[in-house]
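With CSV, C-alpha atoms (C1' of nucleotides) inside, this is target18.csv:
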```csv
chain,number,residue,atom,x,y,z
A,257,MET,CA,27.1,0.1,39.6
A,258,ALA,CA,23.5,-0.3,40.7
A,259,LEU,CA,23.0,3.4,41.2
A,260,PHE,CA,24.0,4.2,37.6
A,261,ASP,CA,21.5,1.5,36.5
A,262,LEU,CA,18.7,3.3,38.3
A,263,LEU,CA,19.7,6.8,37.3
A,264,GLY,CA,20.4,5.8,33.7
A,265,ARG,CA,16.7,5.3,33.1
A,266,SER,CA,14.7,8.0,31.3
A,267,TRP,CA,13.6,10.8,33.5
A,268,ALA,CA,15.1,9.5,36.7
A,269,LEU,CA,17.7,12.3,36.9
A,270,GLY,CA,15.1,14.8,35.7
A,271,VAL,CA,12.6,13.9,38.4
A,272,ILE,CA,15.2,14.2,41.2
A,273,TRP,CA,16.4,17.5,39.7
A,274,GLN,CA,12.8,18.9,39.6
A,275,LEU,CA,12.0,17.7,43.1
A,276,SER,CA,15.0,19.6,44.5
A,277,ASP,CA,12.8,22.7,44.0
A,278,GLY,CA,10.5,21.3,46.7
A,279,ALA,CA,7.6,18.9,47.0
A,280,MET,CA,5.2,18.7,44.1
A,281,THR,CA,2.2,16.7,42.8
A,282,PHE,CA,2.2,14.1,40.2
A,283,ARG,CA,0.7,16.5,37.7
A,284,GLN,CA,3.2,19.2,38.5
A,285,ILE,CA,6.1,16.9,37.8
A,286,GLN,CA,4.4,15.9,34.7
A,287,ASP,CA,4.1,19.5,33.5
A,288,ARG,CA,7.7,20.3,34.2
A,289,CYS,CA,9.0,17.3,32.5
A,290,GLU,CA,7.2,18.2,29.4
A,291,THR,CA,7.4,15.1,27.4
A,292,VAL,CA,7.2,12.4,30.1
A,293,SER,CA,4.3,10.0,29.8
A,294,PRO,CA,2.3,9.2,32.9
A,295,THR,CA,3.1,5.5,32.5
A,296,VAL,CA,6.8,6.2,32.8
A,297,LEU,CA,6.5,8.9,35.4
A,298,ASN,CA,4.6,6.5,37.6
A,299,ARG,CA,7.1,3.8,37.1
A,300,ARG,CA,10.1,6.1,37.9
A,301,LEU,CA,8.3,7.4,41.0
A,302,LYS,CA,7.7,3.9,42.2
A,303,GLU,CA,11.4,2.9,41.6
A,304,LEU,CA,12.7,6.0,43.2
A,305,ARG,CA,10.5,5.5,46.2
A,306,GLU,CA,11.6,1.9,46.6
A,307,SER,CA,15.1,3.1,46.4
A,308,GLY,CA,14.5,5.5,49.3
A,309,LEU,CA,15.3,8.6,47.3
A,310,ILE,CA,11.9,10.1,47.2
A,311,GLU,CA,8.7,9.8,49.3
A,312,ARG,CA,5.2,11.1,49.5
A,313,GLY,CA,4.7,14.0,51.9
A,314,ALA,CA,1.7,16.1,52.7
A,315,THR,CA,2.1,18.3,49.6
A,316,GLY,CA,3.1,15.7,47.1
A,317,TYR,CA,6.3,13.9,46.2
A,318,GLN,CA,9.5,15.1,47.7
A,319,LEU,CA,13.2,14.1,48.2
A,320,THR,CA,14.0,12.0,51.2
A,321,GLU,CA,17.0,12.9,53.3
A,322,THR,CA,19.0,10.4,51.2
A,323,GLY,CA,17.6,11.8,48.0
A,324,ALA,CA,18.7,15.3,49.1
A,325,GLU,CA,22.2,13.9,49.7
A,326,LEU,CA,22.2,12.6,46.2
A,327,PHE,CA,21.1,15.9,44.8
A,328,ASP,CA,24.0,17.6,46.6
A,329,LEU,CA,26.2,15.4,44.5
A,330,LEU,CA,24.2,16.2,41.4
A,331,GLN,CA,24.1,19.9,41.9
A,332,PRO,CA,27.5,20.7,40.4
A,333,PHE,CA,26.3,19.3,37.1
A,334,GLY,CA,24.1,22.2,36.6
A,335,ALA,CA,26.8,24.8,36.2
A,336,TRP,CA,29.1,22.4,34.5
A,337,SER,CA,26.5,21.4,31.9
A,338,GLN,CA,26.0,25.0,30.9
A,339,ARG,CA,29.7,25.5,30.2
A,340,TRP,CA,29.8,22.2,28.4
A,341,ALA,CA,26.8,23.1,26.2
A,342,LYS,CA,28.4,26.3,25.2
A,343,GLY,CA,31.6,24.5,24.2
A,344,LEU,CA,29.6,22.2,22.0
A,345,ASN,CA,28.2,24.9,19.7
A,346,ARG,CA,31.7,25.7,18.4
B,174,MET,CA,18.9,19.6,30.9
B,175,ALA,CA,20.6,18.3,27.8
B,176,LEU,CA,23.4,16.7,29.8
B,177,PHE,CA,20.9,14.5,31.7
B,178,ASP,CA,19.3,13.5,28.5
B,179,LEU,CA,22.7,12.3,27.3
B,180,LEU,CA,23.7,10.6,30.5
B,181,GLY,CA,20.3,9.1,31.0
B,182,ARG,CA,20.8,6.6,28.2
B,183,SER,CA,21.8,3.1,28.9
B,184,TRP,CA,25.5,2.6,29.5
B,185,ALA,CA,26.4,6.2,29.0
B,186,LEU,CA,27.4,6.6,32.7
B,187,GLY,CA,28.9,3.1,32.7
B,188,VAL,CA,31.2,3.8,29.8
B,189,ILE,CA,32.5,7.0,31.3
B,190,TRP,CA,33.0,5.3,34.5
B,191,GLN,CA,35.0,2.5,32.9
B,192,LEU,CA,37.1,4.8,30.8
B,193,SER,CA,38.3,6.6,33.9
B,194,ASP,CA,40.6,3.6,34.4
B,195,GLY,CA,42.4,4.6,31.2
B,196,ALA,CA,42.1,4.1,27.5
B,197,MET,CA,40.7,0.8,26.2
B,198,THR,CA,39.5,-0.8,23.0
B,199,PHE,CA,36.0,-1.4,21.9
B,200,ARG,CA,36.1,-5.0,22.9
B,201,GLN,CA,37.6,-4.2,26.3
B,202,ILE,CA,34.8,-1.9,27.1
B,203,GLN,CA,32.3,-4.5,25.9
B,204,ASP,CA,33.8,-7.1,28.2
B,205,ARG,CA,33.7,-4.8,31.2
B,206,CYS,CA,30.1,-3.8,30.6
B,207,GLU,CA,29.0,-7.3,30.6
B,208,THR,CA,25.6,-7.1,29.0
B,209,VAL,CA,26.0,-4.2,26.6
B,210,SER,CA,25.3,-5.1,23.0
B,211,PRO,CA,27.8,-3.9,20.3
B,212,THR,CA,24.9,-2.0,18.7
B,213,VAL,CA,24.3,0.1,21.7
B,214,LEU,CA,27.9,0.5,22.7
B,215,ASN,CA,28.7,1.8,19.3
B,216,ARG,CA,25.9,4.3,19.4
B,217,ARG,CA,26.9,5.5,22.9
B,218,LEU,CA,30.5,5.9,21.9
B,219,LYS,CA,29.5,7.9,18.9
B,220,GLU,CA,27.3,10.1,21.0
B,221,LEU,CA,29.9,10.6,23.6
B,222,ARG,CA,32.4,11.5,21.0
B,223,GLU,CA,30.1,14.0,19.3
B,224,SER,CA,29.6,15.5,22.8
B,225,GLY,CA,33.3,15.9,23.3
B,226,LEU,CA,33.5,13.6,26.3
B,227,ILE,CA,35.6,10.8,24.8
B,228,GLU,CA,37.9,10.5,21.9
B,229,ARG,CA,40.0,7.9,20.1
B,230,GLY,CA,43.6,7.8,21.1
B,231,ALA,CA,46.5,5.5,20.1
B,232,THR,CA,45.5,2.7,22.5
B,233,GLY,CA,41.7,3.0,22.1
B,234,TYR,CA,38.9,5.1,23.4
B,235,GLN,CA,39.7,7.5,26.2
B,236,LEU,CA,38.2,10.4,28.1
B,237,THR,CA,38.9,13.9,26.7
B,238,GLU,CA,39.9,16.7,29.1
B,239,THR,CA,36.2,17.6,29.3
B,240,GLY,CA,35.2,14.0,29.9
B,241,ALA,CA,37.7,13.8,32.7
B,242,GLU,CA,36.2,16.9,34.2
B,243,LEU,CA,32.8,15.3,34.1
B,244,PHE,CA,34.3,12.2,35.8
B,245,ASP,CA,35.5,14.4,38.6
B,246,LEU,CA,31.9,15.3,39.3
B,247,LEU,CA,30.9,11.7,39.0
B,248,GLN,CA,33.5,10.2,41.2
B,249,PRO,CA,31.8,11.0,44.6
B,250,PHE,CA,28.9,8.8,43.4
B,251,GLY,CA,31.1,5.7,43.9
B,252,ALA,CA,31.4,5.9,47.6
B,253,TRP,CA,28.0,7.3,48.1
B,254,SER,CA,26.4,4.5,46.1
B,255,GLN,CA,28.0,1.9,48.4
B,256,ARG,CA,26.5,3.4,51.5
B,257,TRP,CA,23.2,3.8,49.8
B,258,ALA,CA,23.2,0.2,48.6
B,259,LYS,CA,23.8,-1.0,52.2
B,260,GLY,CA,21.0,1.1,53.5
B,261,LEU,CA,18.6,-0.5,51.0
B,262,ASN,CA,19.0,-4.0,52.3
B,263,ARG,CA,17.4,-3.1,55.6
C,157,DC,C1',53.0,-14.0,0.6
C,158,DC,C1',49.5,-16.3,3.0
C,159,DT,C1',47.1,-17.6,7.0
C,160,DT,C1',45.3,-16.6,11.5
C,161,DC,C1',43.9,-13.2,15.1
C,162,DT,C1',42.0,-9.4,16.7
C,163,DT,C1',40.1,-5.1,15.7
C,164,DG,C1',35.8,-2.0,15.3
C,165,DC,C1',31.7,-2.4,13.8
C,166,DT,C1',27.1,-3.7,11.0
C,167,DA,C1',22.9,-6.6,10.1
C,168,DT,C1',19.1,-8.8,11.7
C,169,DC,C1',15.8,-10.2,14.9
C,170,DT,C1',13.4,-10.3,19.4
C,171,DT,C1',12.3,-8.1,23.6
C,172,DT,C1',12.0,-4.2,26.5
C,173,DT,C1',11.1,0.5,27.4
C,174,DG,C1',8.9,4.8,26.4
C,175,DT,C1',5.2,7.9,24.1
C,176,DG,C1',0.5,9.6,23.4
C,177,DT,C1',-3.9,9.9,24.5
C,178,DA,C1',-8.2,8.8,26.8
C,179,DG,C1',-10.3,8.2,30.8
C,180,DC,C1',-11.5,6.1,35.6
C,181,DG,C1',-12.3,6.4,40.6
C,182,DA,C1',-11.4,9.1,44.6
C,183,DT,C1',-10.8,13.4,46.9
C,184,DT,C1',-11.0,18.4,47.2
C,185,DT,C1',-13.1,22.8,46.0
C,186,DA,C1',-17.0,26.0,44.9
D,212,DT,C1',-24.2,18.8,44.5
D,213,DA,C1',-21.6,19.9,40.6
D,214,DA,C1',-17.1,20.8,38.8
D,215,DA,C1',-12.3,20.5,39.2
D,216,DT,C1',-8.3,18.2,40.4
D,217,DC,C1',-5.9,14.4,42.0
D,218,DG,C1',-2.9,10.0,41.2
D,219,DC,C1',-2.9,6.8,38.2
D,220,DT,C1',-4.3,2.8,34.6
D,221,DA,C1',-5.3,1.0,29.8
D,222,DC,C1',-4.1,0.5,25.4
D,223,DA,C1',-2.0,1.1,20.9
D,224,DC,C1',2.0,2.5,18.7
D,225,DA,C1',7.0,3.9,18.3
D,226,DA,C1',11.6,3.9,19.7
D,227,DA,C1',15.4,1.9,22.1
D,228,DA,C1',18.1,-1.9,23.8
D,229,DG,C1',19.5,-6.9,23.9
D,230,DA,C1',21.4,-11.1,21.6
D,231,DT,C1',23.9,-13.2,18.2
D,232,DA,C1',26.2,-13.8,13.8
D,233,DG,C1',29.5,-12.3,11.0
D,234,DC,C1',32.2,-8.9,7.8
D,235,DA,C1',36.0,-5.9,6.3
D,236,DA,C1',40.5,-4.1,7.7
D,237,DG,C1',44.7,-4.2,9.8
D,238,DA,C1',48.4,-6.5,12.6
D,239,DA,C1',51.2,-10.8,13.7
D,240,DG,C1',53.4,-14.9,12.7
D,241,DG,C1',55.2,-18.5,9.9
```

Have the structure of the file written as C-alpha cells, please.
Amino acid sequence: MALFDLLGRSWALGVIWQLSDGAMTFRQIQDRCETVSPTVLNRRLKELRESGLIERGATGYQLTETGAELFDLLQPFGAWSQRWAKGLNR
Amino acid sequence: MALFDLLGRSWALGVIWQLSDGAMTFRQIQDRCETVSPTVLNRRLKELRESGLIERGATGYQLTETGAELFDLLQPFGAWSQRWAKGLNR
DNA sequence: CCTTCTTGCTATCTTTTGTGTAGCGATTTA
DNA sequence: TAAATCGCTACACAAAAGATAGCAAGAAGG
C-alpha cells in the first residue's frame, strides 16, 4: 500500500503527530522531534506536502484537511500505544 | 512515541497488514512483500515478536491477540488510502 | 535409507537512507 | 543597522535496507 510506504519512513508519523498540535515552524518541529536531522526533516516535509497531507500556512507548517483526516485515524494509536508499552515491561 | 518508532521501519506495517489474512510462512510473507529482503524480513519479524505483536504458530507466523488489536486500528487506513490515492492523481 | 524439497534463516556486498554539525542567504525584530 | 531567527543546504560519516547466494534442518517420497 502506497500510504504505508510513505508513513513507513522515518519521522513521517512523528511529524504528522506533532502537527496535530497546530501549525509550527521548521525549527519548532525540529526541536520537538529531538533527533531528527534537518536533511531528513526537509525531505519528509516535502514528501508530505506533495502528498497533500501538510501545507505551509501563515504561522508555519500545518496539516491540510486531508492530513487532519489521517490524524483522526491515527489518534487512537496514542492511548493504545500506552497500554501496549505497559504490557511489554512484564 | 515508541510505537511509531517500531511501525516506522520498512515493512513493519506491511507485514502486519499481510498477516491479517491469516498465518503464513516466512517465504509466503516474502512473496507477498515483493521487494523485501530476507535480511530485513527476519529482523522485522524478530522485532515484532519481541514487541508481542506476532508469534509463531503451527502454520507459520501470525498476529497475536495484541497484534490483532493493532490491526483493528490499522484497518480503516485501507479504505482511506484508496480515496487519498485517487485525490493525488489530480 | 537416501534423495529431493521446502523451510527459516545467515553471509556478504552494494546501495540507499538517516545523522550530526556547520553555516548560508533571506526575513523579522530590537 | 545590528542581532536574531527563519527555512534550508552541504558535507562527511553511520546505519539501515536491498539483492543474491546458499546453508542447515526437517518433511516427503521413492

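For C:DT171, the list of residues within 10 Å, based on all atoms listed in the file and with local chain neighbours fewer than 4 positions off taken out, reads DA228, DG229 and DA230 of chain D.
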
Select all residues from chain C having any atom no more than 10 Å from an atom of chain A (counting all atoms listed in the file, ignoring ligands), output as an MDAnalysis selection string. chainID C and resid 173:177

Export, as a PDB file, in the coordinates of the input, the selected residues with C-alpha atoms (C1' of nucleotides).
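Output contents, as saved in part_9.pdb:
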```
ATOM      1  C1'  DT C 173      11.100   0.500  27.400  1.00  0.00           C
ATOM      2  C1'  DG C 174       8.900   4.800  26.400  1.00  0.00           C
ATOM      3  C1'  DT C 175       5.200   7.900  24.100  1.00  0.00           C
ATOM      4  C1'  DG C 176       0.500   9.600  23.400  1.00  0.00           C
ATOM      5  C1'  DT C 177      -3.900   9.900  24.500  1.00  0.00           C
TER       6       DT C 177
END
```

Could you give me, as JSON, numbers by chain, the residues within 12 Å of stretch 180-182 of chain C, counting all atoms listed in the file and dropping anything in the same chain fewer than 6 positions from it? {"D": [216, 217, 218, 219, 220, 221]}

Would you compute the distance between atom CA of B:Asn215 and atom CA of B:Leu180? Give it in Å to one decimal. 15.1 Å

What are the coordinates of chain B as a CSV table (one decimal) with C-alpha atoms, keeping the file's coordinate frame following a least-squares fit to chain A on all in-order C-alpha atoms?
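Written out: superposed.csv:
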```csv
chain,number,residue,atom,x,y,z
B,174,MET,CA,27.1,0.1,39.6
B,175,ALA,CA,23.5,-0.3,40.7
B,176,LEU,CA,23.0,3.4,41.2
B,177,PHE,CA,23.9,4.1,37.6
B,178,ASP,CA,21.5,1.5,36.4
B,179,LEU,CA,18.8,3.3,38.4
B,180,LEU,CA,19.8,6.8,37.3
B,181,GLY,CA,20.3,5.8,33.7
B,182,ARG,CA,16.6,5.4,33.1
B,183,SER,CA,14.7,8.0,31.3
B,184,TRP,CA,13.6,10.9,33.6
B,185,ALA,CA,15.1,9.5,36.7
B,186,LEU,CA,17.7,12.3,36.9
B,187,GLY,CA,15.1,14.8,35.7
B,188,VAL,CA,12.7,14.0,38.4
B,189,ILE,CA,15.2,14.3,41.1
B,190,TRP,CA,16.4,17.5,39.7
B,191,GLN,CA,12.9,18.9,39.7
B,192,LEU,CA,12.0,17.7,43.1
B,193,SER,CA,15.0,19.7,44.5
B,194,ASP,CA,12.8,22.8,44.1
B,195,GLY,CA,10.5,21.3,46.8
B,196,ALA,CA,7.6,18.9,47.0
B,197,MET,CA,5.1,18.7,44.1
B,198,THR,CA,2.2,16.6,42.9
B,199,PHE,CA,2.2,14.1,40.2
B,200,ARG,CA,0.7,16.4,37.7
B,201,GLN,CA,3.2,19.2,38.6
B,202,ILE,CA,6.1,17.0,37.9
B,203,GLN,CA,4.5,15.9,34.6
B,204,ASP,CA,4.1,19.5,33.5
B,205,ARG,CA,7.7,20.3,34.3
B,206,CYS,CA,9.0,17.3,32.5
B,207,GLU,CA,7.3,18.2,29.4
B,208,THR,CA,7.4,15.0,27.4
B,209,VAL,CA,7.2,12.4,30.1
B,210,SER,CA,4.3,10.0,29.8
B,211,PRO,CA,2.2,9.2,32.9
B,212,THR,CA,3.2,5.6,32.4
B,213,VAL,CA,6.8,6.2,32.7
B,214,LEU,CA,6.6,8.8,35.4
B,215,ASN,CA,4.7,6.5,37.5
B,216,ARG,CA,7.2,3.7,37.1
B,217,ARG,CA,10.1,6.1,37.9
B,218,LEU,CA,8.4,7.4,41.0
B,219,LYS,CA,7.8,4.0,42.2
B,220,GLU,CA,11.4,3.0,41.6
B,221,LEU,CA,12.7,6.0,43.3
B,222,ARG,CA,10.5,5.4,46.2
B,223,GLU,CA,11.6,1.8,46.6
B,224,SER,CA,15.2,3.1,46.4
B,225,GLY,CA,14.5,5.5,49.3
B,226,LEU,CA,15.3,8.6,47.3
B,227,ILE,CA,11.8,10.2,47.3
B,228,GLU,CA,8.8,9.8,49.4
B,229,ARG,CA,5.2,11.1,49.6
B,230,GLY,CA,4.7,14.0,51.9
B,231,ALA,CA,1.6,16.1,52.7
B,232,THR,CA,2.0,18.3,49.6
B,233,GLY,CA,3.1,15.7,47.2
B,234,TYR,CA,6.3,13.9,46.2
B,235,GLN,CA,9.5,15.1,47.8
B,236,LEU,CA,13.1,14.1,48.2
B,237,THR,CA,14.0,12.0,51.3
B,238,GLU,CA,17.1,12.9,53.3
B,239,THR,CA,19.0,10.4,51.2
B,240,GLY,CA,17.6,11.8,48.0
B,241,ALA,CA,18.6,15.2,49.1
B,242,GLU,CA,22.1,13.9,49.7
B,243,LEU,CA,22.2,12.5,46.2
B,244,PHE,CA,21.1,15.9,44.9
B,245,ASP,CA,24.0,17.5,46.6
B,246,LEU,CA,26.3,15.4,44.4
B,247,LEU,CA,24.2,16.2,41.4
B,248,GLN,CA,24.0,19.9,41.8
B,249,PRO,CA,27.5,20.7,40.4
B,250,PHE,CA,26.3,19.2,37.1
B,251,GLY,CA,24.1,22.3,36.6
B,252,ALA,CA,26.8,24.8,36.1
B,253,TRP,CA,29.1,22.4,34.5
B,254,SER,CA,26.5,21.4,31.9
B,255,GLN,CA,26.1,25.1,30.9
B,256,ARG,CA,29.7,25.5,30.1
B,257,TRP,CA,29.8,22.2,28.3
B,258,ALA,CA,26.8,23.1,26.2
B,259,LYS,CA,28.5,26.3,25.1
B,260,GLY,CA,31.6,24.5,24.2
B,261,LEU,CA,29.6,22.2,21.9
B,262,ASN,CA,28.3,24.9,19.7
B,263,ARG,CA,31.8,25.6,18.4
```

Taking only C-alpha atoms (C1' of nucleotides) into account, produce a table as a tab-separated table in which each residue of chain D with an atom at most 12 Å from an atom of stretch 161-170 of chain C appears once, together with its shortest atom pair and the distance in Å to one decimal, ordered by chain and rising number.
```
residue	atom	partner	partner_atom	distance
D:DA228	C1'	C:DT170	C1'	10.6
D:DG229	C1'	C:DT170	C1'	8.3
D:DA230	C1'	C:DT170	C1'	8.3
D:DT231	C1'	C:DT168	C1'	9.2
D:DA232	C1'	C:DA167	C1'	8.7
D:DG233	C1'	C:DA167	C1'	8.8
D:DC234	C1'	C:DT166	C1'	8.0
D:DA235	C1'	C:DC165	C1'	9.3
D:DA236	C1'	C:DT163	C1'	8.1
D:DG237	C1'	C:DT163	C1'	7.5
D:DA238	C1'	C:DT162	C1'	8.1
D:DA239	C1'	C:DC161	C1'	7.8
D:DG240	C1'	C:DC161	C1'	9.9
```

Need the shell around A:Gly270: protein/DNA/RNA residues with any atom at most 9 Å away, counting only C-alpha atoms (C1' of nucleotides). Skip same-chain ones fewer than 4 positions apart. Format as a PyMOL selection string? (chain A and resi 266+274-275+289) or (chain B and resi 174+177-178)

Could I get stretch 295-321 of chain A from the block written out with N, CA and C atoms, as a compact mmCIF listing (two decimals), in the first residue's frame?
```
# COMPACT_ATOMS: atom_id res chain seq x y z
N THR A 295 18.20 17.59 7.26
CA THR A 295 18.15 16.95 5.95
C THR A 295 16.89 16.12 5.79
N VAL A 296 16.68 15.24 6.74
CA VAL A 296 15.55 14.33 6.67
C VAL A 296 14.25 15.08 6.91
N LEU A 297 14.26 15.98 7.85
CA LEU A 297 13.03 16.72 8.13
C LEU A 297 12.56 17.44 6.88
N ASN A 298 13.49 18.08 6.21
CA ASN A 298 13.14 18.79 4.99
C ASN A 298 12.58 17.84 3.94
N ARG A 299 13.19 16.68 3.82
CA ARG A 299 12.73 15.71 2.83
C ARG A 299 11.32 15.23 3.16
N ARG A 300 11.10 14.90 4.43
CA ARG A 300 9.78 14.43 4.84
C ARG A 300 8.72 15.50 4.61
N LEU A 301 9.06 16.73 4.95
CA LEU A 301 8.09 17.81 4.78
C LEU A 301 7.73 17.96 3.31
N LYS A 302 8.73 17.83 2.46
CA LYS A 302 8.50 17.92 1.02
C LYS A 302 7.56 16.81 0.55
N GLU A 303 7.86 15.60 1.00
CA GLU A 303 7.04 14.45 0.60
C GLU A 303 5.61 14.59 1.11
N LEU A 304 5.50 15.00 2.35
CA LEU A 304 4.16 15.10 2.93
C LEU A 304 3.36 16.22 2.27
N ARG A 305 4.07 17.25 1.83
CA ARG A 305 3.38 18.32 1.11
C ARG A 305 2.91 17.84 -0.26
N GLU A 306 3.80 17.14 -0.95
CA GLU A 306 3.44 16.59 -2.28
C GLU A 306 2.31 15.58 -2.16
N SER A 307 2.18 14.98 -1.01
CA SER A 307 1.12 14.01 -0.80
C SER A 307 -0.15 14.67 -0.30
N GLY A 308 -0.10 15.96 -0.14
CA GLY A 308 -1.32 16.68 0.25
C GLY A 308 -1.71 16.52 1.70
N LEU A 309 -0.77 16.10 2.54
CA LEU A 309 -1.12 15.87 3.94
C LEU A 309 -0.79 17.10 4.80
N ILE A 310 0.21 17.85 4.40
CA ILE A 310 0.54 19.08 5.12
C ILE A 310 0.71 20.22 4.12
N GLU A 311 0.75 21.43 4.62
CA GLU A 311 0.91 22.61 3.77
C GLU A 311 1.57 23.70 4.59
N ARG A 312 1.97 24.78 3.91
CA ARG A 312 2.55 25.90 4.63
C ARG A 312 1.52 26.99 4.80
N GLY A 313 1.26 27.32 6.03
CA GLY A 313 0.30 28.39 6.31
C GLY A 313 1.03 29.63 6.78
N ALA A 314 0.29 30.56 7.34
CA ALA A 314 0.87 31.83 7.77
C ALA A 314 1.85 31.63 8.92
N THR A 315 1.56 30.69 9.81
CA THR A 315 2.39 30.51 11.00
C THR A 315 3.29 29.28 10.94
N GLY A 316 3.47 28.73 9.75
CA GLY A 316 4.35 27.58 9.61
C GLY A 316 3.68 26.40 8.94
N TYR A 317 4.23 25.24 9.15
CA TYR A 317 3.66 24.03 8.57
C TYR A 317 2.43 23.60 9.35
N GLN A 318 1.45 23.07 8.64
CA GLN A 318 0.24 22.60 9.30
C GLN A 318 -0.40 21.47 8.50
N LEU A 319 -1.27 20.74 9.17
CA LEU A 319 -1.99 19.67 8.49
C LEU A 319 -2.99 20.27 7.52
N THR A 320 -3.14 19.65 6.37
CA THR A 320 -4.25 20.00 5.48
C THR A 320 -5.51 19.34 6.01
N GLU A 321 -6.61 19.57 5.32
CA GLU A 321 -7.85 18.90 5.69
C GLU A 321 -7.66 17.38 5.61
```
